[in-house]
Amino acid sequence: MTKVSKLIHIEVETAYIAEHSDETEPRFVFSYRITIENNSPHSVQLLSRYWLITDADGEESTVSGEGVVGKQPHINSNKHYQYSSGCVLKTPIGTMEGHYQFIDENGEQHQVEIPVFSLAIPNILH
């Protein structure tokens, strides 16, 4: 059985990568840095991820699979894990949201929701 965990906190920082973007294509490249804080009393392992990516035209794509950036990290109690990745949109604004699946040292699975966050070129939103 999978539980929804409130003891694992996810923080997201995003950035627009202008040097890899090309408005004429259109191709807008964004990076995101994820910090996963394990505030639970148990160590956990990140098993998989799911992302729903939506551009400003409403076009959706999904990404799912094992781990993150090729790893299934173990995160000890009261520790954190950080990684960076990116995505490409056809519009200068978009959103991402999703969830991670973890398993703790007792074999219990936990799903942690990642609330929607924005991807936007600087100064496009007021």
# chains A, B, ... in the order shown; residues from 1 in each chain; ligands from 1
>>> closest_atom_pairs(of="region 12-51 of chain A", to="region 68-80 of chain A", cutoff="10 Å", atoms="only C-alpha atoms", output="Markdown table")
| residue | atom | partner | partner_atom | distance |
| --- | --- | --- | --- | --- |
| A:Thr35 | CA | A:His80 | CA | 6.7 |
| A:Ile36 | CA | A:His80 | CA | 5.4 |
| A:Glu37 | CA | A:His80 | CA | 4.3 |
| A:Asn38 | CA | A:Asn78 | CA | 5.3 |
| A:Asn39 | CA | A:Asn78 | CA | 4.9 |
| A:Ser40 | CA | A:Ser77 | CA | 5.8 |
| A:Pro41 | CA | A:Ser77 | CA | 5.4 |
| A:His42 | CA | A:Ser77 | CA | 5.2 |
| A:Ser43 | CA | A:Asn76 | CA | 4.1 |
| A:Val44 | CA | A:Ile75 | CA | 5.3 |
| A:Gln45 | CA | A:His74 | CA | 4.2 |
| A:Leu46 | CA | A:Gln72 | CA | 5.2 |
| A:Leu47 | CA | A:Gln72 | CA | 5.6 |
| A:Ser48 | CA | A:Val68 | CA | 7.1 |
| A:Arg49 | CA | A:Val68 | CA | 6.8 |
| A:Tyr50 | CA | A:Val68 | CA | 9.8 |
>>> write_last_selection(atoms="N, CA and C atoms", output="tab-separated table (two decimals), in the first residue's frame")
chain	number	residue	atom	x	y	z
A	35	THR	N	15.36	20.04	-4.39
A	35	THR	CA	15.91	19.63	-3.11
A	35	THR	C	14.85	18.78	-2.41
A	36	ILE	N	15.23	17.57	-2.05
A	36	ILE	CA	14.34	16.65	-1.35
A	36	ILE	C	14.84	16.54	0.09
A	37	GLU	N	14.02	16.98	1.04
A	37	GLU	CA	14.38	16.92	2.46
A	37	GLU	C	13.61	15.77	3.10
A	38	ASN	N	14.34	14.85	3.71
A	38	ASN	CA	13.71	13.73	4.41
A	38	ASN	C	13.60	14.07	5.89
A	39	ASN	N	12.42	14.50	6.29
A	39	ASN	CA	12.16	14.84	7.70
A	39	ASN	C	11.51	13.69	8.45
A	40	SER	N	11.49	12.52	7.84
A	40	SER	CA	10.88	11.35	8.49
A	40	SER	C	11.91	10.69	9.41
A	41	PRO	N	11.45	9.82	10.31
A	41	PRO	CA	12.40	9.12	11.19
A	41	PRO	C	13.13	7.96	10.49
A	42	HIS	N	12.80	7.69	9.22
A	42	HIS	CA	13.39	6.56	8.50
A	42	HIS	C	14.15	7.03	7.26
A	43	SER	N	15.15	6.27	6.87
A	43	SER	CA	15.80	6.55	5.59
A	43	SER	C	14.85	6.10	4.49
A	44	VAL	N	14.95	6.75	3.33
A	44	VAL	CA	14.09	6.42	2.20
A	44	VAL	C	14.94	6.31	0.94
A	45	GLN	N	14.40	5.61	-0.04
A	45	GLN	CA	15.02	5.54	-1.36
A	45	GLN	C	14.01	6.03	-2.37
A	46	LEU	N	14.45	6.93	-3.24
A	46	LEU	CA	13.60	7.43	-4.32
A	46	LEU	C	13.56	6.37	-5.41
A	47	LEU	N	12.38	5.84	-5.68
A	47	LEU	CA	12.25	4.77	-6.68
A	47	LEU	C	11.94	5.30	-8.07
A	48	SER	N	10.99	6.27	-8.14
A	48	SER	CA	10.56	6.71	-9.46
A	48	SER	C	10.00	8.12	-9.40
A	49	ARG	N	9.81	8.68	-10.62
A	49	ARG	CA	9.25	10.01	-10.72
A	49	ARG	C	8.21	10.04	-11.83
A	50	TYR	N	7.30	11.02	-11.70
A	50	TYR	CA	6.31	11.28	-12.72
A	50	TYR	C	6.17	12.79	-12.85
>>> closest_atom_pairs(of="region 8-76 of chain A", to="region 114-120 of chain A", cutoff="12 Å", atoms="only C-alpha atoms", output="tab-separated table")
residue	atom	partner	partner_atom	distance
A:Ile8	CA	A:Ile114	CA	10.6
A:His9	CA	A:Ile114	CA	9.0
A:Ile10	CA	A:Ile114	CA	6.8
A:Glu11	CA	A:Ile114	CA	8.6
A:Val12	CA	A:Phe117	CA	7.8
A:Glu13	CA	A:Phe117	CA	9.1
A:Thr14	CA	A:Leu119	CA	6.7
A:Ala15	CA	A:Leu119	CA	7.6
A:Tyr16	CA	A:Ala120	CA	6.9
A:Ile17	CA	A:Ala120	CA	10.4
A:Ala18	CA	A:Ala120	CA	11.2
A:Phe28	CA	A:Ala120	CA	8.9
A:Val29	CA	A:Leu119	CA	9.3
A:Phe30	CA	A:Leu119	CA	6.8
A:Ser31	CA	A:Leu119	CA	8.7
A:Tyr32	CA	A:Leu119	CA	8.8
A:Arg33	CA	A:Phe117	CA	11.9
A:Ile34	CA	A:Ile114	CA	10.2
A:Thr35	CA	A:Ile114	CA	11.3
A:Ile36	CA	A:Ile114	CA	10.5
A:Arg49	CA	A:Ile114	CA	10.0
A:Tyr50	CA	A:Ile114	CA	9.4
A:Trp51	CA	A:Ile114	CA	8.8
A:Leu52	CA	A:Val116	CA	9.0
A:Ile53	CA	A:Val116	CA	9.4
A:Thr54	CA	A:Leu119	CA	9.6
A:Asp55	CA	A:Leu119	CA	8.9
A:Ala56	CA	A:Ala120	CA	9.8
>>> write_last_selection(atoms="C-alpha atoms", output="mmCIF file, in the first residue's frame")
data_model
loop_
_atom_site.group_PDB
_atom_site.id
_atom_site.type_symbol
_atom_site.label_atom_id
_atom_site.label_comp_id
_atom_site.auth_asym_id
_atom_site.auth_seq_id
_atom_site.Cartn_x
_atom_site.Cartn_y
_atom_site.Cartn_z
ATOM 1 C CA ILE A 8 9.348 14.462 2.810
ATOM 2 C CA HIS A 9 9.559 18.075 1.641
ATOM 3 C CA ILE A 10 10.270 19.069 -1.976
ATOM 4 C CA GLU A 11 11.691 22.473 -2.913
ATOM 5 C CA VAL A 12 12.032 23.637 -6.531
ATOM 6 C CA GLU A 13 14.131 26.431 -8.053
ATOM 7 C CA THR A 14 13.832 27.191 -11.771
ATOM 8 C CA ALA A 15 15.909 29.158 -14.276
ATOM 9 C CA TYR A 16 15.600 30.131 -17.924
ATOM 10 C CA ILE A 17 18.611 29.106 -20.046
ATOM 11 C CA ALA A 18 18.726 31.818 -22.730
ATOM 12 C CA PHE A 28 12.652 27.673 -24.633
ATOM 13 C CA VAL A 29 15.015 25.811 -22.306
ATOM 14 C CA PHE A 30 14.541 25.762 -18.549
ATOM 15 C CA SER A 31 16.499 24.168 -15.743
ATOM 16 C CA TYR A 32 15.158 23.188 -12.374
ATOM 17 C CA ARG A 33 16.942 22.280 -9.164
ATOM 18 C CA ILE A 34 15.100 19.970 -6.788
ATOM 19 C CA THR A 35 15.911 19.632 -3.107
ATOM 20 C CA ILE A 36 14.343 16.648 -1.350
ATOM 21 C CA ARG A 49 9.249 10.015 -10.716
ATOM 22 C CA TYR A 50 6.307 11.283 -12.723
ATOM 23 C CA TRP A 51 6.088 14.737 -14.336
ATOM 24 C CA LEU A 52 3.253 16.433 -16.177
ATOM 25 C CA ILE A 53 4.654 19.299 -18.262
ATOM 26 C CA THR A 54 2.234 21.815 -19.792
ATOM 27 C CA ASP A 55 3.136 24.684 -22.113
ATOM 28 C CA ALA A 56 1.203 27.943 -22.583
#
>>> select_by_dssp(residues="region 67-124 of chain A", states="strand (DSSP E or B)", output="NGL selection string")
:A and (68 or 71 or 74-75 or 79-89 or 93-104 or 109-120)
>>> closest_residue(among="A:Gly98, A:Gly58, A:Tyr81, A:Pro92", to="Pro122 (chain A)", atoms="only C-alpha atoms")
A:Pro92
>>> atom_distance(atom1="CA of His99 (chain A)", atom2="CA of Val63 (chain A)")
10.8 Å
>>> atom_distance(atom1="CA of Thr62 (chain A)", atom2="CA of Glu97 (chain A)")
9.8 Å
>>> atom_distance(atom1="CA of Glu60 (chain A)", atom2="CA of His110 (chain A)")
25.6 Å
